[in-house]
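The file input.csv comes next; it holds CSV, C-alpha atoms.
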```csv
chain,number,residue,atom,x,y,z
A,1,MET,CA,-10.2,1.0,50.0
A,2,GLY,CA,-7.4,2.9,51.7
A,3,ALA,CA,-4.7,0.4,50.6
A,4,LEU,CA,-5.6,1.1,47.0
A,5,ALA,CA,-5.1,4.8,47.4
A,6,ALA,CA,-1.8,4.3,49.2
A,7,GLY,CA,-0.4,2.1,46.5
A,8,PHE,CA,-1.5,4.6,43.9
A,9,LEU,CA,0.2,7.5,45.6
A,10,GLY,CA,3.2,5.5,46.5
A,11,ALA,CA,4.0,4.6,43.0
A,12,LEU,CA,3.2,8.0,41.7
A,13,THR,CA,5.6,9.9,44.0
A,14,GLY,CA,8.3,7.3,44.5
A,15,LEU,CA,7.4,7.2,48.1
A,16,GLY,CA,6.3,3.6,48.6
A,17,GLY,CA,2.9,3.0,50.1
A,18,GLY,CA,4.2,2.6,53.7
A,19,VAL,CA,4.0,6.3,54.4
A,20,VAL,CA,0.3,6.1,54.0
A,21,ILE,CA,-0.3,2.6,55.3
A,22,VAL,CA,1.1,3.0,58.8
A,23,PRO,CA,-0.8,6.1,59.7
A,24,LEU,CA,-4.0,4.7,58.1
A,25,LEU,CA,-3.8,1.4,60.1
A,26,THR,CA,-2.8,3.0,63.4
A,27,LEU,CA,-4.9,6.1,63.3
A,28,ALA,CA,-8.0,4.9,61.5
A,29,PHE,CA,-8.2,1.3,62.6
A,30,GLY,CA,-6.2,1.4,65.9
A,31,VAL,CA,-3.8,-1.4,64.9
A,32,ASP,CA,-0.7,-1.7,67.0
A,33,ILE,CA,2.2,0.1,65.3
A,34,HIS,CA,4.4,-3.1,65.2
A,35,TYR,CA,1.8,-5.0,63.1
A,36,ALA,CA,1.2,-1.8,61.0
A,37,ILE,CA,4.9,-1.6,60.2
A,38,GLY,CA,5.1,-5.2,59.3
A,39,ALA,CA,2.2,-5.0,56.9
A,40,ALA,CA,3.5,-1.8,55.5
A,41,LEU,CA,6.9,-3.2,54.8
A,42,VAL,CA,5.3,-6.1,52.9
A,43,SER,CA,3.1,-3.6,50.9
A,44,VAL,CA,6.2,-1.5,50.2
A,45,ILE,CA,7.9,-4.5,48.5
A,46,ALA,CA,4.7,-5.1,46.5
A,47,THR,CA,4.4,-1.5,45.4
A,48,SER,CA,8.1,-1.3,44.5
A,49,SER,CA,8.3,-4.5,42.6
A,50,GLY,CA,5.0,-4.1,40.9
A,51,ALA,CA,5.8,-0.6,39.7
A,52,ALA,CA,9.5,-1.2,39.1
A,53,ALA,CA,8.7,-3.9,36.6
A,54,ALA,CA,6.9,-1.3,34.4
A,55,PHE,CA,9.5,1.4,34.9
A,56,VAL,CA,12.6,-0.7,34.2
A,57,ARG,CA,11.3,-1.6,30.8
A,58,GLU,CA,10.7,2.0,29.9
A,59,GLY,CA,14.4,2.7,30.6
A,60,TYR,CA,13.9,5.2,33.4
A,61,SER,CA,15.8,3.7,36.3
A,62,ASN,CA,19.6,3.6,36.7
A,63,VAL,CA,20.4,0.1,37.8
A,64,ARG,CA,24.1,0.9,38.7
A,65,VAL,CA,23.3,3.9,40.9
A,66,GLY,CA,20.5,1.8,42.5
A,67,MET,CA,22.7,-1.2,43.2
A,68,PHE,CA,25.6,0.9,44.6
A,69,LEU,CA,23.3,2.8,46.9
A,70,GLU,CA,21.6,-0.4,48.0
A,71,VAL,CA,24.7,-1.3,50.0
A,72,ALA,CA,23.9,1.7,52.2
A,73,THR,CA,20.1,1.3,52.4
A,74,VAL,CA,20.4,-2.4,53.3
A,75,VAL,CA,22.9,-1.9,56.1
A,76,GLY,CA,20.6,0.9,57.3
A,77,ALA,CA,17.5,-1.3,57.2
A,78,LEU,CA,19.2,-4.0,59.3
A,79,VAL,CA,20.2,-1.4,61.9
A,80,GLY,CA,16.7,0.1,61.8
A,81,ALA,CA,14.9,-3.2,62.2
A,82,ALA,CA,17.1,-4.0,65.2
A,83,LEU,CA,16.4,-0.7,66.8
A,84,VAL,CA,12.6,-1.0,66.6
A,85,LEU,CA,12.7,-3.5,69.5
A,86,HIS,CA,14.1,-1.0,71.9
A,87,LEU,CA,12.0,2.0,71.2
A,88,ARG,CA,8.6,2.8,72.7
A,89,VAL,CA,5.5,3.2,70.5
A,90,SER,CA,5.1,6.9,71.2
A,91,VAL,CA,8.8,7.5,70.2
A,92,ILE,CA,8.2,5.6,66.9
A,93,SER,CA,5.1,7.6,66.2
A,94,ILE,CA,6.7,11.0,66.8
A,95,LEU,CA,9.8,10.0,64.7
A,96,PHE,CA,7.5,8.9,62.0
A,97,GLY,CA,5.7,12.3,62.0
A,98,ILE,CA,9.0,14.2,62.0
A,99,VAL,CA,10.3,12.2,59.0
A,100,LEU,CA,7.1,12.9,57.1
A,101,LEU,CA,7.1,16.6,57.9
A,102,TYR,CA,10.7,16.9,56.8
A,103,SER,CA,10.0,15.2,53.5
A,104,ALA,CA,7.0,17.4,52.8
A,105,TYR,CA,9.1,20.5,53.7
A,106,ALA,CA,12.1,19.5,51.6
A,107,SER,CA,10.2,18.7,48.6
A,108,ILE,CA,8.5,22.1,48.2
A,109,THR,CA,11.4,24.3,49.2
A,110,ASP,CA,13.7,23.6,46.2
A,111,HIS,CA,12.3,24.8,43.0
A,112,ALA,CA,15.5,25.4,41.1
A,113,HIS,CA,16.5,22.0,39.9
A,114,SER,CA,19.6,22.4,37.8
A,115,GLY,CA,18.7,20.4,34.7
A,116,ALA,CA,22.0,21.3,33.0
A,117,ASN,CA,24.7,19.4,34.9
A,118,ALA,CA,27.3,19.4,32.1
A,119,LYS,CA,30.4,18.4,34.1
A,120,PRO,CA,31.0,14.7,34.8
A,121,ASP,CA,31.9,13.8,38.4
A,122,ARG,CA,35.1,11.8,39.1
A,123,ILE,CA,33.7,9.1,41.4
A,124,ALA,CA,30.6,8.7,39.3
A,125,THR,CA,32.6,8.3,36.2
A,126,TRP,CA,34.8,5.7,37.8
A,127,LEU,CA,31.6,3.8,38.9
A,128,ARG,CA,30.2,4.2,35.4
A,129,MET,CA,27.0,5.7,36.7
A,130,ASP,CA,26.3,8.2,33.9
A,131,SER,CA,23.4,7.2,31.7
A,132,THR,CA,20.6,8.3,29.5
A,133,TYR,CA,16.9,8.6,30.0
A,134,PRO,CA,14.0,9.1,27.6
A,135,THR,CA,12.5,12.5,27.1
A,136,ALA,CA,10.2,14.1,24.6
A,137,ASP,CA,13.2,14.8,22.3
A,138,GLY,CA,14.6,11.3,22.5
A,139,LEU,CA,17.3,9.9,24.8
A,140,GLU,CA,19.1,12.5,26.9
A,141,ASN,CA,22.5,12.1,28.6
A,142,TYR,CA,22.9,12.9,32.3
A,143,HIS,CA,25.8,12.9,34.7
A,144,VAL,CA,25.7,11.7,38.3
A,145,HIS,CA,27.1,13.8,41.1
A,146,GLY,CA,27.7,13.8,44.8
A,147,VAL,CA,28.1,10.1,45.3
A,148,PRO,CA,29.4,10.2,48.9
A,149,GLN,CA,26.6,12.5,50.0
A,150,GLY,CA,24.1,10.3,48.3
A,151,PHE,CA,25.5,7.3,50.0
A,152,GLY,CA,25.3,8.9,53.4
A,153,LEU,CA,21.7,9.9,52.9
A,154,MET,CA,20.9,6.4,51.8
A,155,LEU,CA,22.2,5.0,55.1
A,156,VAL,CA,19.7,7.3,56.8
A,157,ALA,CA,17.0,6.2,54.4
A,158,GLY,CA,17.7,2.6,55.2
A,159,VAL,CA,17.5,3.1,59.0
A,160,LEU,CA,14.2,4.9,58.6
A,161,SER,CA,12.9,2.2,56.3
A,162,GLY,CA,13.7,-0.7,58.7
A,163,LEU,CA,12.5,1.3,61.7
A,164,LEU,CA,9.3,2.7,60.4
A,165,GLY,CA,8.2,0.3,57.8
A,166,ILE,CA,8.3,2.9,55.1
A,167,GLY,CA,10.1,2.7,51.8
A,168,SER,CA,11.9,6.0,52.7
A,169,GLY,CA,11.2,6.9,49.1
A,170,ALA,CA,11.1,10.5,50.2
A,171,VAL,CA,14.7,10.5,51.5
A,172,LYS,CA,15.9,8.4,48.6
A,173,VAL,CA,14.4,10.7,46.1
A,174,LEU,CA,15.9,13.7,47.9
A,175,ALA,CA,19.3,12.0,47.9
A,176,MET,CA,19.2,11.3,44.2
A,177,ASP,CA,17.4,14.4,43.1
A,178,LYS,CA,19.2,17.0,45.2
A,179,ALA,CA,22.6,15.5,46.2
A,180,MET,CA,23.3,13.4,43.1
A,181,LYS,CA,21.4,15.6,40.7
A,182,LEU,CA,19.7,12.9,38.8
A,183,PRO,CA,16.7,13.9,36.6
A,184,PHE,CA,13.5,13.8,38.7
A,185,LYS,CA,11.9,10.9,36.9
A,186,VAL,CA,15.1,8.9,37.0
A,187,SER,CA,15.4,9.4,40.8
A,188,THR,CA,11.8,8.5,41.5
A,189,THR,CA,11.9,5.3,39.5
A,190,THR,CA,15.4,4.3,40.7
A,191,SER,CA,14.2,4.9,44.2
A,192,ASN,CA,11.2,2.8,43.6
A,193,PHE,CA,13.5,0.1,42.3
A,194,MET,CA,15.7,0.2,45.4
A,195,ILE,CA,12.9,0.4,47.9
A,196,GLY,CA,12.0,-3.3,47.3
A,197,VAL,CA,15.5,-4.4,48.2
A,198,THR,CA,15.6,-2.2,51.3
A,199,ALA,CA,12.2,-3.3,52.5
A,200,ALA,CA,13.1,-7.0,51.9
A,201,ALA,CA,16.0,-6.6,54.2
A,202,GLY,CA,13.8,-5.2,56.9
A,203,ALA,CA,10.9,-7.5,56.2
A,204,GLY,CA,13.1,-10.6,56.6
A,205,ILE,CA,13.8,-9.6,60.2
A,206,TYR,CA,10.2,-8.6,60.9
A,207,LEU,CA,9.0,-11.9,59.6
A,208,SER,CA,11.3,-13.9,61.8
A,209,ARG,CA,10.3,-11.8,64.8
A,210,GLY,CA,6.6,-12.4,64.2
A,211,TYR,CA,5.6,-8.8,63.3
A,212,ILE,CA,4.0,-9.8,60.0
A,213,ASP,CA,0.5,-11.0,60.5
A,214,PRO,CA,-1.1,-12.8,57.5
A,215,GLY,CA,-4.7,-11.7,58.2
A,216,LEU,CA,-3.6,-8.1,58.2
A,217,ALA,CA,-1.0,-8.2,55.5
A,218,MET,CA,-3.3,-10.0,53.0
A,219,PRO,CA,-5.8,-7.2,52.3
A,220,VAL,CA,-3.1,-4.5,52.6
A,221,MET,CA,-0.8,-6.2,50.1
A,222,LEU,CA,-3.5,-6.9,47.5
A,223,GLY,CA,-4.9,-3.5,47.8
A,224,VAL,CA,-1.6,-1.7,47.5
A,225,LEU,CA,-0.6,-3.8,44.6
A,226,ALA,CA,-3.7,-3.0,42.6
A,227,GLY,CA,-3.1,0.7,43.4
A,228,SER,CA,0.5,0.7,42.4
A,229,LEU,CA,-0.2,-0.8,39.0
A,230,LEU,CA,-2.5,2.1,38.3
A,231,GLY,CA,0.0,4.6,39.6
A,232,ALA,CA,2.9,3.3,37.4
A,233,ARG,CA,0.7,3.6,34.4
A,234,ILE,CA,0.0,7.3,35.0
A,235,LEU,CA,3.6,8.4,35.9
A,236,ALA,CA,4.9,8.3,32.3
A,237,GLY,CA,2.6,11.1,31.3
A,238,ALA,CA,2.4,13.0,34.6
A,239,LYS,CA,3.7,16.5,35.3
A,240,VAL,CA,6.6,16.7,37.8
A,241,ARG,CA,5.2,19.8,39.4
A,242,VAL,CA,1.9,18.2,40.1
A,243,LEU,CA,3.6,15.2,41.5
A,244,ARG,CA,5.5,17.2,44.0
A,245,LEU,CA,2.4,19.1,45.2
A,246,VAL,CA,0.4,15.9,45.7
A,247,PHE,CA,3.4,14.4,47.5
A,248,SER,CA,3.9,17.2,50.0
A,249,GLY,CA,0.2,17.8,50.7
A,250,VAL,CA,-0.6,14.2,51.7
A,251,ILE,CA,2.5,13.6,53.8
A,252,ALA,CA,2.2,16.9,55.7
A,253,ALA,CA,-1.3,16.1,56.8
A,254,LEU,CA,-0.4,12.5,57.9
A,255,ALA,CA,2.7,13.8,59.8
A,256,ALA,CA,0.7,16.2,61.9
A,257,GLU,CA,-1.6,13.4,63.0
A,258,MET,CA,1.2,10.9,63.8
A,259,ILE,CA,3.0,13.5,66.0
A,260,TYR,CA,-0.3,14.4,67.7
A,261,LYS,CA,-1.0,10.8,68.5
A,262,GLY,CA,2.5,10.2,69.7
A,263,LEU,CA,2.3,13.1,72.1
A,264,LYS,CA,-1.0,12.1,73.6
B,1,MET,CA,29.7,0.6,25.6
B,2,ASN,CA,27.7,-2.1,27.3
B,3,GLU,CA,24.5,-0.1,26.7
B,4,GLN,CA,22.8,-3.0,24.9
B,5,THR,CA,23.5,-5.6,27.5
B,6,ASP,CA,22.3,-3.1,30.1
B,7,ARG,CA,19.1,-2.7,28.3
B,8,ARG,CA,18.5,-6.4,27.9
B,9,MET,CA,19.4,-6.9,31.6
B,10,ASP,CA,16.8,-4.2,32.5
B,11,GLU,CA,14.2,-6.0,30.6
B,12,ILE,CA,14.8,-9.4,32.2
B,13,ILE,CA,14.9,-7.8,35.6
B,14,GLY,CA,11.5,-6.2,34.8
B,15,ARG,CA,10.0,-9.6,34.0
B,16,LEU,CA,11.5,-11.3,37.0
B,17,LEU,CA,10.0,-8.7,39.3
B,18,GLN,CA,6.6,-9.0,37.6
B,19,ALA,CA,6.6,-12.7,37.8
B,20,GLY,CA,7.5,-12.7,41.5
B,21,VAL,CA,4.9,-10.2,42.4
B,22,ILE,CA,2.2,-12.1,40.5
B,23,LEU,CA,3.1,-15.4,42.0
B,24,ALA,CA,3.1,-13.9,45.5
B,25,ALA,CA,-0.3,-12.2,44.9
B,26,VAL,CA,-1.8,-15.6,43.7
B,27,PHE,CA,-0.6,-17.3,46.9
B,28,VAL,CA,-1.8,-14.4,49.1
B,29,LEU,CA,-5.1,-14.3,47.4
B,30,ALA,CA,-5.6,-18.1,47.6
B,31,GLY,CA,-4.6,-18.1,51.2
B,32,GLY,CA,-6.9,-15.2,51.9
B,33,ILE,CA,-9.9,-17.1,50.4
B,34,VAL,CA,-9.1,-20.2,52.5
B,35,TYR,CA,-8.6,-18.0,55.6
B,36,LEU,CA,-11.8,-16.1,55.3
B,37,ALA,CA,-13.8,-19.2,54.4
B,38,ARG,CA,-12.7,-20.9,57.6
B,39,HIS,CA,-12.9,-17.9,59.9
B,40,SER,CA,-16.3,-16.4,59.2
B,41,THR,CA,-15.7,-14.0,62.1
B,42,PRO,CA,-12.3,-12.3,61.3
B,43,VAL,CA,-12.3,-10.1,64.3
B,44,THR,CA,-8.7,-10.7,65.4
B,45,ASN,CA,-7.5,-8.2,67.9
B,46,TYR,CA,-4.6,-6.1,66.4
B,47,ARG,CA,-4.7,-3.4,69.0
B,48,VAL,CA,-2.5,-5.4,71.3
B,49,PHE,CA,0.7,-6.7,69.9
B,50,GLN,CA,1.3,-10.4,70.6
B,51,GLY,CA,3.6,-11.5,67.9
B,52,GLU,CA,3.0,-14.4,65.5
B,53,PRO,CA,3.2,-18.1,66.6
B,54,ALA,CA,6.6,-19.8,65.8
B,55,GLU,CA,5.3,-21.8,62.8
B,56,LEU,CA,4.5,-18.5,61.0
B,57,ARG,CA,8.0,-17.0,61.6
B,58,THR,CA,10.5,-19.4,60.0
B,59,VAL,CA,10.9,-20.5,56.4
B,60,PRO,CA,10.4,-24.2,57.2
B,61,GLY,CA,7.5,-23.5,59.5
B,62,ILE,CA,5.7,-21.5,56.8
B,63,LEU,CA,6.3,-24.1,54.2
B,64,HIS,CA,4.8,-26.7,56.5
B,65,GLU,CA,1.8,-24.6,57.2
B,66,ALA,CA,1.3,-23.8,53.5
B,67,LEU,CA,1.6,-27.5,52.4
B,68,ALA,CA,-1.1,-28.3,54.9
B,69,LEU,CA,-3.2,-25.7,52.9
B,70,ARG,CA,-3.8,-23.6,56.0
B,71,GLY,CA,-4.9,-20.1,55.0
B,72,ARG,CA,-2.5,-18.2,57.1
B,73,GLY,CA,0.4,-20.5,56.0
B,74,LEU,CA,-0.5,-19.8,52.3
B,75,ILE,CA,-0.6,-16.1,52.8
B,76,GLN,CA,2.7,-16.2,54.6
B,77,LEU,CA,4.2,-18.2,51.8
B,78,GLY,CA,3.0,-15.6,49.4
B,79,LEU,CA,4.6,-12.9,51.5
B,80,LEU,CA,7.8,-15.0,51.6
B,81,ILE,CA,7.8,-15.1,47.8
B,82,LEU,CA,7.3,-11.4,47.7
B,83,ILE,CA,10.3,-10.8,50.0
B,84,ALA,CA,12.3,-13.2,47.9
B,85,THR,CA,11.5,-11.3,44.7
B,86,PRO,CA,13.9,-8.4,45.2
B,87,ILE,CA,16.5,-10.8,46.5
B,88,ALA,CA,16.2,-12.8,43.3
B,89,ARG,CA,16.6,-9.6,41.4
B,90,VAL,CA,19.9,-8.9,43.2
B,91,ALA,CA,21.1,-12.4,42.6
B,92,PHE,CA,20.3,-12.1,38.9
B,93,SER,CA,22.2,-8.8,38.8
B,94,VAL,CA,25.4,-10.6,40.1
B,95,VAL,CA,25.2,-12.9,37.1
B,96,ALA,CA,24.5,-10.1,34.7
B,97,PHE,CA,27.5,-8.0,35.9
B,98,LEU,CA,29.7,-11.1,35.8
B,99,TYR,CA,28.6,-11.5,32.2
B,100,GLU,CA,29.6,-7.9,31.5
B,101,ARG,CA,32.9,-8.5,33.4
B,102,ASP,CA,32.1,-5.5,35.5
B,103,TRP,CA,34.0,-6.6,38.5
B,104,THR,CA,33.3,-3.4,40.6
B,105,TYR,CA,29.6,-4.1,40.4
B,106,VAL,CA,29.9,-7.8,40.9
B,107,VAL,CA,31.5,-7.1,44.3
B,108,VAL,CA,28.9,-4.4,45.1
B,109,THR,CA,26.0,-6.7,44.2
B,110,LEU,CA,27.5,-9.6,46.2
B,111,VAL,CA,27.7,-7.4,49.3
B,112,VAL,CA,24.0,-6.5,48.9
B,113,LEU,CA,23.1,-10.1,48.4
B,114,GLY,CA,25.0,-11.3,51.4
B,115,LEU,CA,23.3,-8.8,53.7
B,116,LEU,CA,19.9,-9.8,52.4
B,117,PHE,CA,20.5,-13.5,53.1
B,118,TYR,CA,21.7,-12.6,56.6
B,119,SER,CA,18.5,-10.7,57.3
B,120,LEU,CA,16.2,-13.6,56.1
B,121,LEU,CA,18.1,-16.6,57.4
B,122,GLY,CA,20.7,-15.5,60.0
B,123,GLY,CA,18.5,-12.7,61.4
B,124,HIS,CA,16.5,-15.1,63.5
B,125,GLY,CA,16.8,-13.6,66.9
```
Take the structure in the file and write it out as structure tokens.
Amino acid sequence: MGALAAGFLGALTGLGGGVVIVPLLTLAFGVDIHYAIGAALVSVIATSSGAAAAFVREGYSNVRVGMFLEVATVVGALVGAALVLHLRVSVISILFGIVLLYSAYASITDHAHSGANAKPDRIATWLRMDSTYPTADGLENYHVHGVPQGFGLMLVAGVLSGLLGIGSGAVKVLAMDKAMKLPFKVSTTTSNFMIGVTAAAGAGIYLSRGYIDPGLAMPVMLGVLAGSLLGARILAGAKVRVLRLVFSGVIAALAAEMIYKGLK
Amino acid sequence: MNEQTDRRMDEIIGRLLQAGVILAAVFVLAGGIVYLARHSTPVTNYRVFQGEPAELRTVPGILHEALALRGRGLIQLGLLILIATPIARVAFSVVAFLYERDWTYVVVTLVVLGLLFYSLLGGHG
């Protein structure tokens, strides 16, 4: 089932399953985009929490960075969920496509990830964000950078999440990977961890507006959950490069279809 | 410094998330079975957006439907538990940061928690 694949990919790339769920439901099954976004948000929480449980115990995610940035994503999500009422379906579709295209583009352009970020950053030090993560040679220290830029990007990520029913994992990973220079696996898992909270903020509003339909959310949530458990299991041994390629290929294809549908 | 407490906190958070998701999945699955058993023809029309009835939108309404063992109510309750899981995680973090006397993060976490409650309870439009 499609939901299974979505959960698998979502956990694997730190994207959250929503990016795959919304296009699948609207394009393949012709579901109204509001229902699709509602179901996707729910599935996003399931993916995030299901996978985060496994990641957190392996010591990958950075709880402090996550919690700090959640202020931005949650505010954004509330704004996004409020905006969705006032936008037309075609506008949402096109926006969705553009966001997907951007994420695909951004993730393949930067190859030079500076692994050696020796200098500590002032704000990050004050917020005690620096931490360690497990590598092949034991625990490795890393420093966090660009806190204000990261925070700003997270606001955007939150708005998109509330508006489009996606985890905005793509933007979150970009913020942490590029702006804050966290190690890739730390940013994917921390992002996964944050996605649940962001999506919960959006989902609360969607639920009270009646956008979440039990008959639709049920198969989506169960399928995505099963898929994400599989995905989390594989990440620990996966190659970063392969992850990025899978990530960009899938979303570029979906983006093209969403834009095409929005323009029709 | 507080590396050990941090580790332990991570572990408890991990278990909390897991428990919440499993509990939610059990309710959704149970509700799904009831729902499908009663509606042998599940051809609901999702092409046109109508919005859910009032009893499936609010926390008390959902509880009432679930207690009546209606399929849709049970599923919705499961989804509510799912939404509550990350919120519980944030609430737990407040306690953990308090325990570490990490005041900066106590404040940060309380802000997040407040916003989440606003969305779920105060966000009824």
Could you give me, as a Markdown table, every chain B residue with an atom at most 7 Å from chain A, plus its closest atom pair and distance in Å to one decimal, counting all atoms listed in the file, rows ordered by chain then number?
```
| residue | atom | partner | partner_atom | distance |
| --- | --- | --- | --- | --- |
| B:Asp10 | CA | A:Val56 | CA | 5.7 |
| B:Glu11 | CA | A:Arg57 | CA | 5.3 |
| B:Gly14 | CA | A:Ala53 | CA | 4.0 |
| B:Arg15 | CA | A:Ala53 | CA | 6.4 |
| B:Leu17 | CA | A:Ser49 | CA | 5.6 |
| B:Gln18 | CA | A:Ala53 | CA | 5.6 |
| B:Val21 | CA | A:Gly50 | CA | 6.3 |
| B:Ala25 | CA | A:Leu222 | CA | 6.7 |
| B:Val28 | CA | A:Met218 | CA | 6.1 |
| B:Gly32 | CA | A:Met218 | CA | 6.4 |
| B:Tyr46 | CA | A:Val31 | CA | 5.0 |
| B:Arg47 | CA | A:Val31 | CA | 4.6 |
| B:Val48 | CA | A:Asp32 | CA | 6.0 |
| B:Phe49 | CA | A:Asp32 | CA | 5.9 |
| B:Gly51 | CA | A:Gly210 | CA | 4.8 |
| B:Glu52 | CA | A:Gly210 | CA | 4.3 |
| B:Arg57 | CA | A:Ser208 | CA | 4.5 |
| B:Thr58 | CA | A:Ser208 | CA | 5.8 |
| B:Arg72 | CA | A:Pro214 | CA | 5.6 |
| B:Ile75 | CA | A:Pro214 | CA | 5.8 |
| B:Gln76 | CA | A:Pro214 | CA | 5.9 |
| B:Leu79 | CA | A:Val42 | CA | 7.0 |
| B:Leu82 | CA | A:Ala46 | CA | 6.9 |
| B:Ile83 | CA | A:Ala200 | CA | 5.1 |
| B:Pro86 | CA | A:Val197 | CA | 5.2 |
| B:Ile87 | CA | A:Val197 | CA | 6.7 |
| B:Val108 | CA | A:Phe68 | CA | 6.3 |
| B:Thr109 | CA | A:Met67 | CA | 6.5 |
| B:Val111 | CA | A:Val71 | CA | 6.8 |
| B:Val112 | CA | A:Val71 | CA | 5.4 |
| B:Leu116 | CA | A:Ala201 | CA | 5.4 |
| B:Ser119 | CA | A:Gly204 | CA | 5.4 |
| B:Leu120 | CA | A:Gly204 | CA | 4.3 |
| B:Gly123 | CA | A:Ile205 | CA | 5.8 |
| B:His124 | CA | A:Ser208 | CA | 5.6 |
```
**Q.** Å distance separating atom CA of A:Met180 from atom CA of A:His145, one decimal place
**A.**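 Pair atom CA of A:Met180 / atom CA of A:His145 returns 4.3 Å.
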Q | Distance criterion (all atoms listed in the file): nearest to A:Leu163 out of A:Ile251, A:Leu24, A:Met258, A:Ile92 | A |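 For A:Leu163, the nearest of the candidates is A:Ile92.
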Q.
Env of B:Glu65: 9 Å cut, atoms = all atoms listed in the file, seq-sep filter 4 positions within chain, self excluded. Answer as number ranges by chain.
A. B: 55-56, 60-61, 69-74, 76-77
Q: May I ask for the distance between atom CA of B:Ala19 and atom CA of B:Leu80, given in Å to one decimal place?
A: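 Calculated distance between atom CA of B:Ala19 and atom CA of B:Leu80 is 14.0 Å.
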Q: Would you mind reading off the distance between atom CA of B:Gly31 and atom CA of A:Ile37, one decimal, in Å?
A: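 Distance between the two atoms: 21.1 Å.
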Q: Up to 10 Å from (22.8, -11.1, 42.3) in the file's coordinates: name the residues, counting all atoms listed in the file, as a list in words.
A: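 Every residue inside that radius is included here: Met67 of chain A; Pro86, Ile87, Ala88, Arg89, Val90, Ala91, Phe92, Ser93, Val94, Val95, Ala96, Phe97, Leu98, Tyr105, Val106, Val107, Val108, Thr109, Leu110, Val111, Val112, Leu113 and Gly114 of chain B.
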Q) What's the 12 Å shell around A:Pro148, counting all atoms listed in the file, without same-chain residues fewer than 2 positions away, as a list of chain:residue names? A)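 Using all atoms listed in the file, the neighbours found are A:Val65, A:Phe68, A:Leu69, A:Ala72, A:Asp121, A:Arg122, A:Ile123, A:Ala124, A:Val144, A:His145, A:Gly146, A:Gly150, A:Phe151, A:Gly152, A:Leu153, A:Met154, A:Leu155, A:Ala175, A:Met176, A:Ala179, A:Met180.
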Can I get stretch 17-28 of chain B with N, CA and C atoms filled in, as a CSV table (one decimal), in the coordinates of the input?
```
chain,number,residue,atom,x,y,z
B,17,LEU,N,10.7,-9.4,38.3
B,17,LEU,CA,10.0,-8.7,39.3
B,17,LEU,C,8.5,-8.9,39.2
B,18,GLN,N,8.1,-8.8,37.9
B,18,GLN,CA,6.6,-9.0,37.6
B,18,GLN,C,6.2,-10.4,38.0
B,19,ALA,N,7.0,-11.4,37.5
B,19,ALA,CA,6.6,-12.7,37.8
B,19,ALA,C,6.5,-13.0,39.3
B,20,GLY,N,7.5,-12.5,40.0
B,20,GLY,CA,7.5,-12.7,41.5
B,20,GLY,C,6.3,-12.1,42.2
B,21,VAL,N,6.0,-10.9,41.8
B,21,VAL,CA,4.9,-10.2,42.4
B,21,VAL,C,3.5,-11.0,42.1
B,22,ILE,N,3.4,-11.4,40.8
B,22,ILE,CA,2.2,-12.1,40.5
B,22,ILE,C,2.0,-13.4,41.2
B,23,LEU,N,3.1,-14.1,41.3
B,23,LEU,CA,3.1,-15.4,42.0
B,23,LEU,C,2.8,-15.2,43.5
B,24,ALA,N,3.4,-14.2,44.1
B,24,ALA,CA,3.1,-13.9,45.5
B,24,ALA,C,1.7,-13.5,45.7
B,25,ALA,N,1.1,-12.7,44.7
B,25,ALA,CA,-0.3,-12.2,44.9
B,25,ALA,C,-1.2,-13.4,44.8
B,26,VAL,N,-0.9,-14.4,43.9
B,26,VAL,CA,-1.8,-15.6,43.7
B,26,VAL,C,-1.8,-16.3,45.0
B,27,PHE,N,-0.7,-16.6,45.7
B,27,PHE,CA,-0.6,-17.3,46.9
B,27,PHE,C,-1.4,-16.5,48.0
B,28,VAL,N,-1.1,-15.2,48.1
B,28,VAL,CA,-1.8,-14.4,49.1
B,28,VAL,C,-3.3,-14.5,48.9
```
